[in-house]
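Novice: Sharing run.cif, mmCIF, C-alpha atoms:
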```cif
data_my_file
loop_
_atom_site.label_atom_id
_atom_site.label_comp_id
_atom_site.auth_asym_id
_atom_site.auth_seq_id
_atom_site.Cartn_x
_atom_site.Cartn_y
_atom_site.Cartn_z
CA MET O 1 -6.95 -12.12 -6.56
CA LYS O 2 -5.76 -12.64 -2.99
CA GLN O 3 -6.61 -10.01 -0.40
CA ILE O 4 -3.58 -8.88 1.59
CA GLN O 5 -4.11 -7.56 5.10
CA VAL O 6 -1.79 -4.88 6.49
CA GLY O 7 -2.98 -3.83 9.92
CA ASN O 8 -6.57 -2.69 9.34
CA ILE O 9 -5.96 -2.10 5.64
CA LYS O 10 -7.07 -4.58 3.00
CA ILE O 11 -5.27 -4.52 -0.35
CA GLY O 12 -6.50 -6.12 -3.56
CA ASP O 13 -9.60 -8.16 -4.31
CA LYS O 14 -11.74 -5.09 -5.18
CA ASN O 15 -10.78 -3.21 -2.02
CA PRO O 16 -10.20 0.57 -2.28
CA LEU O 17 -7.00 1.96 -3.73
CA VAL O 18 -4.21 2.17 -1.14
CA LEU O 19 -1.53 4.85 -0.76
CA ILE O 20 2.04 3.91 0.17
CA ALA O 21 3.94 7.16 0.64
CA GLY O 22 6.74 8.96 2.42
CA PRO O 23 10.23 10.38 1.88
CA CYS O 24 12.83 8.37 0.01
CA VAL O 25 15.06 8.09 3.07
CA ILE O 26 15.09 9.20 6.70
CA GLU O 27 16.88 12.55 6.72
CA SER O 28 15.91 13.43 10.29
CA GLU O 29 13.38 12.30 12.85
CA GLY O 30 11.56 15.63 12.69
CA LEU O 31 11.25 15.64 8.91
CA CYS O 32 9.94 12.07 8.90
CA LEU O 33 7.40 12.70 11.65
CA ASP O 34 6.16 15.82 9.89
CA ALA O 35 5.85 13.93 6.61
CA ALA O 36 3.93 11.08 8.20
CA VAL O 37 1.52 13.45 10.01
CA THR O 38 0.95 15.60 6.94
CA ILE O 39 0.45 12.71 4.52
CA LYS O 40 -1.95 11.02 6.93
CA LYS O 41 -4.02 14.21 7.18
CA ILE O 42 -4.17 14.44 3.38
CA ALA O 43 -5.02 10.74 3.01
CA ASP O 44 -7.77 10.98 5.66
CA LYS O 45 -9.18 14.08 3.98
CA VAL O 46 -9.30 12.38 0.59
CA GLY O 47 -10.43 9.07 2.06
CA ILE O 48 -7.63 6.75 1.00
CA PRO O 49 -5.97 4.13 3.26
CA PHE O 50 -2.36 5.09 4.01
CA ILE O 51 0.84 3.11 4.67
CA PHE O 52 3.96 5.11 5.54
CA LYS O 53 7.22 4.29 3.76
CA THR O 54 10.80 5.42 4.06
CA SER O 55 14.27 3.85 4.15
CA PHE O 56 16.80 3.76 6.97
CA ASP O 57 19.65 2.87 4.61
CA LYS O 58 19.83 3.30 0.84
CA ALA O 59 22.67 0.86 0.24
CA ASN O 60 22.28 0.88 -3.54
CA ARG O 61 23.36 4.46 -4.24
CA LEU O 62 25.60 4.87 -7.28
CA SER O 63 28.18 7.12 -5.59
CA ILE O 64 30.11 6.47 -2.38
CA ASP O 65 29.42 10.12 -1.52
CA SER O 66 25.60 9.81 -1.75
CA TYR O 67 23.53 10.15 1.43
CA ARG O 68 22.36 6.72 2.59
CA GLY O 69 20.38 7.40 5.75
CA PRO O 70 20.91 7.12 9.52
CA GLY O 71 21.37 3.33 9.61
CA ILE O 72 19.27 0.56 11.11
CA LYS O 73 19.39 1.41 14.84
CA LYS O 74 18.39 5.07 14.59
CA GLY O 75 16.21 4.45 11.56
CA LEU O 76 14.09 1.78 13.21
CA SER O 77 13.72 4.00 16.27
CA VAL O 78 12.20 6.69 14.03
CA LEU O 79 9.90 4.19 12.30
CA ARG O 80 8.79 2.70 15.61
CA ARG O 81 7.86 6.16 16.91
CA ILE O 82 5.85 6.93 13.76
CA LYS O 83 4.03 3.62 14.00
CA GLN O 84 3.16 4.09 17.68
CA GLU O 85 2.31 7.80 17.66
CA ILE O 86 0.67 8.25 14.26
CA LYS O 87 -0.94 4.80 14.11
CA VAL O 88 -0.01 3.93 10.55
CA PRO O 89 1.44 0.71 9.12
CA ILE O 90 5.11 0.87 8.12
CA LEU O 91 6.91 -0.24 4.94
CA THR O 92 10.68 -0.20 4.70
CA ASP O 93 13.27 -1.97 2.60
CA VAL O 94 16.16 -4.28 3.44
CA HIS O 95 19.45 -4.55 1.61
CA CYS O 96 21.05 -7.40 3.54
CA GLN O 97 19.87 -10.52 5.34
CA ALA O 98 21.40 -9.44 8.63
CA ASP O 99 18.84 -6.62 8.99
CA ILE O 100 15.71 -8.69 8.44
CA ILE O 101 15.07 -9.89 12.01
CA GLU O 102 15.31 -6.40 13.51
CA VAL O 103 13.30 -4.83 10.68
CA SER O 104 10.52 -7.40 11.09
CA LYS O 105 10.00 -6.21 14.68
CA VAL O 106 8.87 -2.81 13.39
CA ALA O 107 7.81 -3.03 9.75
CA ASP O 108 4.44 -4.33 8.63
CA ILE O 109 5.74 -4.72 5.07
CA ILE O 110 9.30 -5.66 4.17
CA GLN O 111 10.28 -4.43 0.74
CA ILE O 112 12.76 -6.17 -1.54
CA PRO O 113 14.50 -3.44 -3.59
CA ALA O 114 14.32 -3.68 -7.37
CA LEU O 115 18.06 -4.26 -7.74
CA LEU O 116 17.88 -7.18 -5.28
CA CYS O 117 14.65 -8.81 -6.39
CA ARG O 118 16.41 -11.82 -7.94
CA GLN O 119 18.64 -12.49 -4.92
CA THR O 120 17.21 -15.75 -3.62
CA ASP O 121 18.70 -15.69 -0.12
CA ILE O 122 17.45 -12.23 0.81
CA VAL O 123 14.02 -12.89 -0.74
CA THR O 124 13.49 -16.16 1.14
CA ALA O 125 14.92 -14.79 4.40
CA ALA O 126 12.52 -11.86 4.28
CA ALA O 127 9.64 -14.21 3.46
CA LYS O 128 10.45 -16.38 6.49
CA SER O 129 9.78 -13.36 8.72
CA GLY O 130 6.07 -13.90 8.06
CA LYS O 131 5.62 -10.24 7.18
CA VAL O 132 3.95 -8.97 4.02
CA ILE O 133 6.61 -8.86 1.31
CA ASN O 134 6.60 -6.14 -1.34
CA ILE O 135 8.61 -7.12 -4.40
CA LYS O 136 9.88 -4.18 -6.40
CA LYS O 137 10.04 -5.56 -9.95
CA GLY O 138 13.53 -4.90 -11.26
CA GLN O 139 13.86 -2.39 -14.09
CA PHE O 140 15.57 -5.17 -16.04
CA LEU O 141 12.71 -7.70 -15.75
CA ALA O 142 9.73 -8.51 -17.94
CA PRO O 143 6.46 -8.68 -16.00
CA TRP O 144 6.29 -12.47 -16.27
CA ASP O 145 9.77 -12.73 -14.73
CA ILE O 146 8.16 -11.90 -11.40
CA VAL O 147 6.59 -15.38 -11.23
CA PRO O 148 9.76 -17.22 -10.08
CA ILE O 149 10.24 -14.57 -7.39
CA ILE O 150 6.69 -15.11 -6.16
CA LYS O 151 7.42 -18.85 -6.01
CA LYS O 152 10.52 -18.20 -3.89
CA ILE O 153 8.38 -16.41 -1.31
CA GLU O 154 5.63 -19.03 -1.44
CA SER O 155 8.22 -21.81 -1.05
CA VAL O 156 8.69 -20.91 2.63
CA GLY O 157 4.94 -20.71 3.28
CA ASN O 158 4.43 -16.97 2.91
CA LYS O 159 1.56 -15.91 0.68
CA SER O 160 1.32 -12.30 1.82
CA ILE O 161 2.79 -10.67 -1.26
CA LEU O 162 2.58 -7.35 -3.07
CA ILE O 163 4.16 -6.66 -6.47
CA THR O 164 5.30 -3.18 -7.41
CA GLU O 165 5.86 -1.86 -10.92
CA ARG O 166 8.50 0.88 -11.06
CA GLY O 167 9.27 1.29 -14.73
CA ALA O 168 11.53 -0.56 -17.16
CA CYS O 169 14.92 0.33 -18.64
CA PHE O 170 14.57 2.26 -21.88
CA GLY O 171 18.06 2.90 -23.14
CA TYR O 172 20.66 4.53 -20.92
CA ASN O 173 19.63 6.61 -17.87
CA ASN O 174 15.95 6.36 -18.71
CA LEU O 175 12.86 4.42 -17.67
CA VAL O 176 9.49 3.93 -19.31
CA THR O 177 6.24 2.45 -18.02
CA ASP O 178 4.52 -0.29 -19.99
CA PHE O 179 1.07 -0.32 -18.41
CA ARG O 180 0.41 -3.78 -19.80
CA SER O 181 2.62 -5.03 -16.97
CA LEU O 182 -0.03 -4.04 -14.41
CA GLY O 183 -2.59 -6.29 -16.06
CA ILE O 184 -0.12 -9.10 -16.67
CA MET O 185 1.14 -9.17 -13.08
CA ARG O 186 -2.33 -8.97 -11.55
CA GLU O 187 -3.06 -12.26 -13.31
CA PHE O 188 -0.52 -13.90 -11.00
CA GLY O 189 -2.99 -13.57 -8.12
CA TYR O 190 -1.48 -10.86 -5.94
CA PRO O 191 -2.17 -7.12 -5.64
CA VAL O 192 -0.10 -4.84 -7.87
CA ILE O 193 1.14 -1.43 -6.77
CA TYR O 194 2.29 1.30 -9.15
CA ASP O 195 5.36 3.28 -8.09
CA ALA O 196 4.84 6.53 -9.99
CA THR O 197 7.80 8.43 -8.56
CA HIS O 198 10.48 5.83 -9.29
CA SER O 199 8.98 5.35 -12.74
CA VAL O 200 10.01 8.91 -13.62
CA GLN O 201 13.52 8.47 -12.26
CA LEU O 202 16.48 8.95 -14.60
CA PRO O 203 19.01 6.47 -13.14
CA GLY O 204 22.47 7.99 -13.12
CA GLY O 205 21.02 10.92 -15.03
CA LYS O 206 23.15 13.41 -13.10
CA GLY O 207 26.36 11.46 -13.52
CA THR O 208 26.86 10.19 -9.98
CA ALA O 209 23.23 10.63 -8.92
CA SER O 210 19.79 10.00 -10.34
CA GLY O 211 17.76 12.65 -12.07
CA GLY O 212 14.00 12.64 -12.45
CA GLN O 213 10.96 14.09 -14.18
CA ARG O 214 8.42 14.70 -11.42
CA GLU O 215 6.20 16.63 -13.85
CA PHE O 216 5.02 13.28 -15.21
CA VAL O 217 4.08 11.71 -11.84
CA GLU O 218 0.53 13.04 -11.93
CA GLY O 219 -0.29 11.82 -15.44
CA LEU O 220 1.28 8.40 -14.96
CA SER O 221 -0.58 7.92 -11.67
CA ARG O 222 -3.89 8.73 -13.30
CA ALA O 223 -3.13 6.31 -16.11
CA ALA O 224 -2.17 3.51 -13.71
CA VAL O 225 -5.36 3.84 -11.69
CA ALA O 226 -7.44 3.98 -14.86
CA PHE O 227 -5.66 0.92 -16.25
CA GLY O 228 -6.04 -0.97 -12.98
CA CYS O 229 -3.77 -1.14 -9.95
CA ASP O 230 -4.39 -1.82 -6.28
CA GLY O 231 -2.31 0.98 -4.83
CA LEU O 232 -0.01 3.90 -5.55
CA PHE O 233 3.53 4.17 -4.24
CA LEU O 234 4.70 7.78 -4.06
CA GLU O 235 7.80 9.34 -2.60
CA VAL O 236 6.80 12.62 -0.95
CA HIS O 237 8.92 15.33 0.67
CA SER O 238 8.22 18.75 2.16
CA SER O 239 10.86 20.31 -0.14
CA PRO O 240 11.85 17.84 -2.89
CA ASP O 241 14.46 20.15 -4.40
CA LYS O 242 16.30 20.14 -1.06
CA ALA O 243 15.98 16.39 -0.45
CA LEU O 244 19.16 14.44 0.22
CA CYS O 245 18.11 11.54 -1.99
CA ASP O 246 15.89 11.15 -5.09
CA GLY O 247 14.65 14.74 -4.94
CA PRO O 248 14.11 15.14 -8.72
CA ASN O 249 11.44 12.42 -8.79
CA MET O 250 9.68 13.18 -5.49
CA ILE O 251 6.56 15.34 -5.14
CA ASP O 252 5.52 17.74 -2.37
CA PHE O 253 2.45 17.70 -0.13
CA LYS O 254 0.43 20.11 -2.28
CA ALA O 255 0.97 17.99 -5.38
CA LEU O 256 0.09 14.86 -3.40
CA GLU O 257 -3.30 16.18 -2.33
CA LYS O 258 -4.16 17.29 -5.86
CA LEU O 259 -3.10 13.92 -7.25
CA LEU O 260 -5.02 11.86 -4.70
CA LYS O 261 -8.21 13.81 -5.40
CA GLN O 262 -7.81 13.02 -9.10
CA VAL O 263 -7.12 9.30 -8.74
CA THR O 264 -9.90 8.71 -6.23
CA ARG O 265 -12.35 10.30 -8.66
CA ILE O 266 -11.06 7.99 -11.40
CA GLU O 267 -11.40 4.99 -9.11
CA LYS O 268 -14.99 5.91 -8.21
CA ALA O 269 -15.89 6.45 -11.87
CA LEU O 270 -14.57 3.00 -12.78
CA LYS O 271 -16.60 1.37 -10.04
#
```
Let me see whether you can do it: turn the structure in this file into structure tokens.

Specialist:
Amino acid sequence: MKQIQVGNIKIGDKNPLVLIAGPCVIESEGLCLDAAVTIKKIADKVGIPFIFKTSFDKANRLSIDSYRGPGIKKGLSVLRRIKQEIKVPILTDVHCQADIIEVSKVADIIQIPALLCRQTDIVTAAAKSGKVINIKKGQFLAPWDIVPIIKKIESVGNKSILITERGACFGYNNLVTDFRSLGIMREFGYPVIYDATHSVQLPGGKGTASGGQREFVEGLSRAAVAFGCDGLFLEVHSSPDKALCDGPNMIDFKALEKLLKQVTRIEKALK
């Protein structure tokens, strides 16, 4: 398996489990800064490398009335401040090609959203930035369907790739995790991340918004680490029930610390 370097963090190839975590979307600069500081303290305490994630624009919301975020200008300003002041690598997603150049000036990892993972032009444009590319495997894809997407990124000379499992469609408004996908996708040569919070999402479960079952995040995370993954992707918020986006599937700081202690013990036991 290839080792992917993100700042001082090494992912894959028998390196320690990595945490990618943060709120779903930027709600305010203060909330984001607080989240980044708090998660970093927890990650340092537990001893797990940490990459901060959040979105400046959630362009794929089901309802026109859903909160999307502050937009690229203000959003990147917040991410730049977090990167400079808290000294953590940054992951954020792009929803259109026009944003890629500006995003690449701040982000260490550019994420291709699950619903856009088959869109050739945005995938190759992001890859041409030279940044690490995190592919969110679409809910509608089999694990082996990720191979052509990897080849799109490699076709422009970029071999800094992460693959993220985030559950598969299981009927209407429901997702399920097939842990075989972690093993299958790791065979393709790149590190595989498990997104435990989006895997418990209930897409459209509230009619015009997504529901979620955060009570299963802990168990699924433990299972993923035991089965074999290179990192955990977790959406974390100070008050998930008050979050403006994806609250039902996010966890709070207390739950994060408990979870990280569990999975690091599992990782050590396996090694």

Novice: List, as a PDB file with C-alpha atoms, in the coordinates of the input, every residue that the PyMOL selection byres ((chain O and resi 53-67) around 8) selects in the file provided.

Specialist:
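Below is the file that was written, out-v8.pdb:
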```pdb
ATOM      1  CA  ILE O  20       2.040   3.910   0.170  1.00  0.00           C
ATOM      2  CA  ALA O  21       3.940   7.160   0.640  1.00  0.00           C
ATOM      3  CA  GLY O  22       6.740   8.960   2.420  1.00  0.00           C
ATOM      4  CA  PRO O  23      10.230  10.380   1.880  1.00  0.00           C
ATOM      5  CA  CYS O  24      12.830   8.370   0.010  1.00  0.00           C
ATOM      6  CA  VAL O  25      15.060   8.090   3.070  1.00  0.00           C
ATOM      7  CA  ILE O  26      15.090   9.200   6.700  1.00  0.00           C
ATOM      8  CA  ILE O  51       0.840   3.110   4.670  1.00  0.00           C
ATOM      9  CA  PHE O  52       3.960   5.110   5.540  1.00  0.00           C
ATOM     10  CA  ARG O  68      22.360   6.720   2.590  1.00  0.00           C
ATOM     11  CA  GLY O  69      20.380   7.400   5.750  1.00  0.00           C
ATOM     12  CA  PRO O  70      20.910   7.120   9.520  1.00  0.00           C
ATOM     13  CA  GLY O  71      21.370   3.330   9.610  1.00  0.00           C
ATOM     14  CA  ILE O  72      19.270   0.560  11.110  1.00  0.00           C
ATOM     15  CA  LYS O  74      18.390   5.070  14.590  1.00  0.00           C
ATOM     16  CA  GLY O  75      16.210   4.450  11.560  1.00  0.00           C
ATOM     17  CA  LEU O  76      14.090   1.780  13.210  1.00  0.00           C
ATOM     18  CA  ILE O  90       5.110   0.870   8.120  1.00  0.00           C
ATOM     19  CA  LEU O  91       6.910  -0.240   4.940  1.00  0.00           C
ATOM     20  CA  THR O  92      10.680  -0.200   4.700  1.00  0.00           C
ATOM     21  CA  ASP O  93      13.270  -1.970   2.600  1.00  0.00           C
ATOM     22  CA  HIS O  95      19.450  -4.550   1.610  1.00  0.00           C
ATOM     23  CA  LEU O 115      18.060  -4.260  -7.740  1.00  0.00           C
ATOM     24  CA  GLY O 204      22.470   7.990 -13.120  1.00  0.00           C
ATOM     25  CA  THR O 208      26.860  10.190  -9.980  1.00  0.00           C
ATOM     26  CA  ALA O 209      23.230  10.630  -8.920  1.00  0.00           C
ATOM     27  CA  LEU O 244      19.160  14.440   0.220  1.00  0.00           C
ATOM     28  CA  CYS O 245      18.110  11.540  -1.990  1.00  0.00           C
TER      29      CYS O 245
END
```

Novice: Within 12 Å of (13.2, 1.9, -21.2), only C-alpha atoms: residues as a PyMOL selection string?

Specialist: chain O and resi 139-142+166-178+199-203

Novice: Give me the residues of stretch 88-161 of chain O that have any atom at most 12 Å from an atom of stretch 2-18 of chain O; for each, the nearest atom pair and the distance in Å, rounded to one decimal. Use all atoms listed in the file, sort by chain and number, and format it as JSON lines.

Specialist:
```
{"residue": "O:Val88", "atom": "CA", "partner": "O:Gly7", "partner_atom": "CA", "distance": 8.3}
{"residue": "O:Pro89", "atom": "CA", "partner": "O:Gly7", "partner_atom": "CA", "distance": 6.4}
{"residue": "O:Ile90", "atom": "CA", "partner": "O:Val6", "partner_atom": "CA", "distance": 9.1}
{"residue": "O:Leu91", "atom": "CA", "partner": "O:Val6", "partner_atom": "CA", "distance": 10.0}
{"residue": "O:Ala107", "atom": "CA", "partner": "O:Val6", "partner_atom": "CA", "distance": 10.3}
{"residue": "O:Asp108", "atom": "CA", "partner": "O:Val6", "partner_atom": "CA", "distance": 6.6}
{"residue": "O:Ile109", "atom": "CA", "partner": "O:Val6", "partner_atom": "CA", "distance": 7.7}
{"residue": "O:Ile110", "atom": "CA", "partner": "O:Val6", "partner_atom": "CA", "distance": 11.4}
{"residue": "O:Lys131", "atom": "CA", "partner": "O:Val6", "partner_atom": "CA", "distance": 9.2}
{"residue": "O:Val132", "atom": "CA", "partner": "O:Val6", "partner_atom": "CA", "distance": 7.5}
{"residue": "O:Ile133", "atom": "CA", "partner": "O:Ile4", "partner_atom": "CA", "distance": 10.2}
{"residue": "O:Asn134", "atom": "CA", "partner": "O:Ile4", "partner_atom": "CA", "distance": 10.9}
{"residue": "O:Asn158", "atom": "CA", "partner": "O:Ile4", "partner_atom": "CA", "distance": 11.5}
{"residue": "O:Lys159", "atom": "CA", "partner": "O:Ile4", "partner_atom": "CA", "distance": 8.8}
{"residue": "O:Ser160", "atom": "CA", "partner": "O:Ile4", "partner_atom": "CA", "distance": 6.0}
{"residue": "O:Ile161", "atom": "CA", "partner": "O:Ile4", "partner_atom": "CA", "distance": 7.2}
```

Novice: In terms of the shortest atom-to-atom distance over all atoms listed in the file, which of O:Gln262, O:Val225, O:Val156, O:Ser104 is closest to O:Asp121?

Specialist: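 Under the stated criterion, the closest residue is O:Val156.
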
Novice: Find, counting only C-alpha atoms, the residue in O:Gly212, O:Ala43, O:Arg222, O:Gly231 that gets nearest to O:Asp246.

Specialist: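 Closest candidate: O:Gly212.
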
Novice: If I take atom CA of O:Gly30 and atom CA of O:His237, how far is one from the other in Å, to one decimal?

Specialist: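 Atom CA of O:His237 lies at a distance of 12.3 Å from atom CA of O:Gly30.
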
Novice: Work out how far atom CA of O:Ile82 is from atom CA of O:Ala224, in Å to one decimal.

Specialist: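 Distance reported for this atom pair: 28.8 Å.
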
Novice: If we count all atoms listed in the file, what is near O:Val236 at a cut-off of 9 Å, once residues fewer than 2 positions away on the same chain are taken out, given as a PyMOL selection string?

Specialist: chain O and resi 21-24+35+39+197+234+238-240+250-253+256

Novice: Using the selection just defined, write its residues with C-alpha atoms as an mmCIF file, keeping the file's coordinate frame.

Specialist:
```cif
data_model
loop_
_atom_site.group_PDB
_atom_site.id
_atom_site.type_symbol
_atom_site.label_atom_id
_atom_site.label_comp_id
_atom_site.auth_asym_id
_atom_site.auth_seq_id
_atom_site.Cartn_x
_atom_site.Cartn_y
_atom_site.Cartn_z
ATOM 1 C CA ALA O 21 3.940 7.160 0.640
ATOM 2 C CA GLY O 22 6.740 8.960 2.420
ATOM 3 C CA PRO O 23 10.230 10.380 1.880
ATOM 4 C CA CYS O 24 12.830 8.370 0.010
ATOM 5 C CA ALA O 35 5.850 13.930 6.610
ATOM 6 C CA ILE O 39 0.450 12.710 4.520
ATOM 7 C CA THR O 197 7.800 8.430 -8.560
ATOM 8 C CA LEU O 234 4.700 7.780 -4.060
ATOM 9 C CA SER O 238 8.220 18.750 2.160
ATOM 10 C CA SER O 239 10.860 20.310 -0.140
ATOM 11 C CA PRO O 240 11.850 17.840 -2.890
ATOM 12 C CA MET O 250 9.680 13.180 -5.490
ATOM 13 C CA ILE O 251 6.560 15.340 -5.140
ATOM 14 C CA ASP O 252 5.520 17.740 -2.370
ATOM 15 C CA PHE O 253 2.450 17.700 -0.130
ATOM 16 C CA LEU O 256 0.090 14.860 -3.400
#
```

Novice: If I take atom CA of O:Ile112 and atom CA of O:Ser129, how far is one from the other in Å, to one decimal?

Specialist: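 So the answer is 12.9 Å.
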
Novice: Find the spatial neighbours of O:Thr124, counting only C-alpha atoms, within a cut-off of 9 Å - ignore same-chain residues fewer than 2 positions away - and output them as number ranges by chain.

Specialist: O: 119-122, 126-129, 152-156

Novice: Check which residues satisfy the PyMOL selection byres ((chain O and resi 165) around 9) in the file shown, then give them as a list in words.

Specialist: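 Applied to this file, the PyMOL selection byres ((chain O and resi 165) around 9) returns Ile135, Lys136, Lys137, Gly138, Gln139, Pro143, Ile163, Thr164, Arg166, Gly167, Ala168, Thr177, Ser181, Leu182, Met185, Val192, Ile193, Tyr194, Asp195, Ala196 and Ser199 of chain O.
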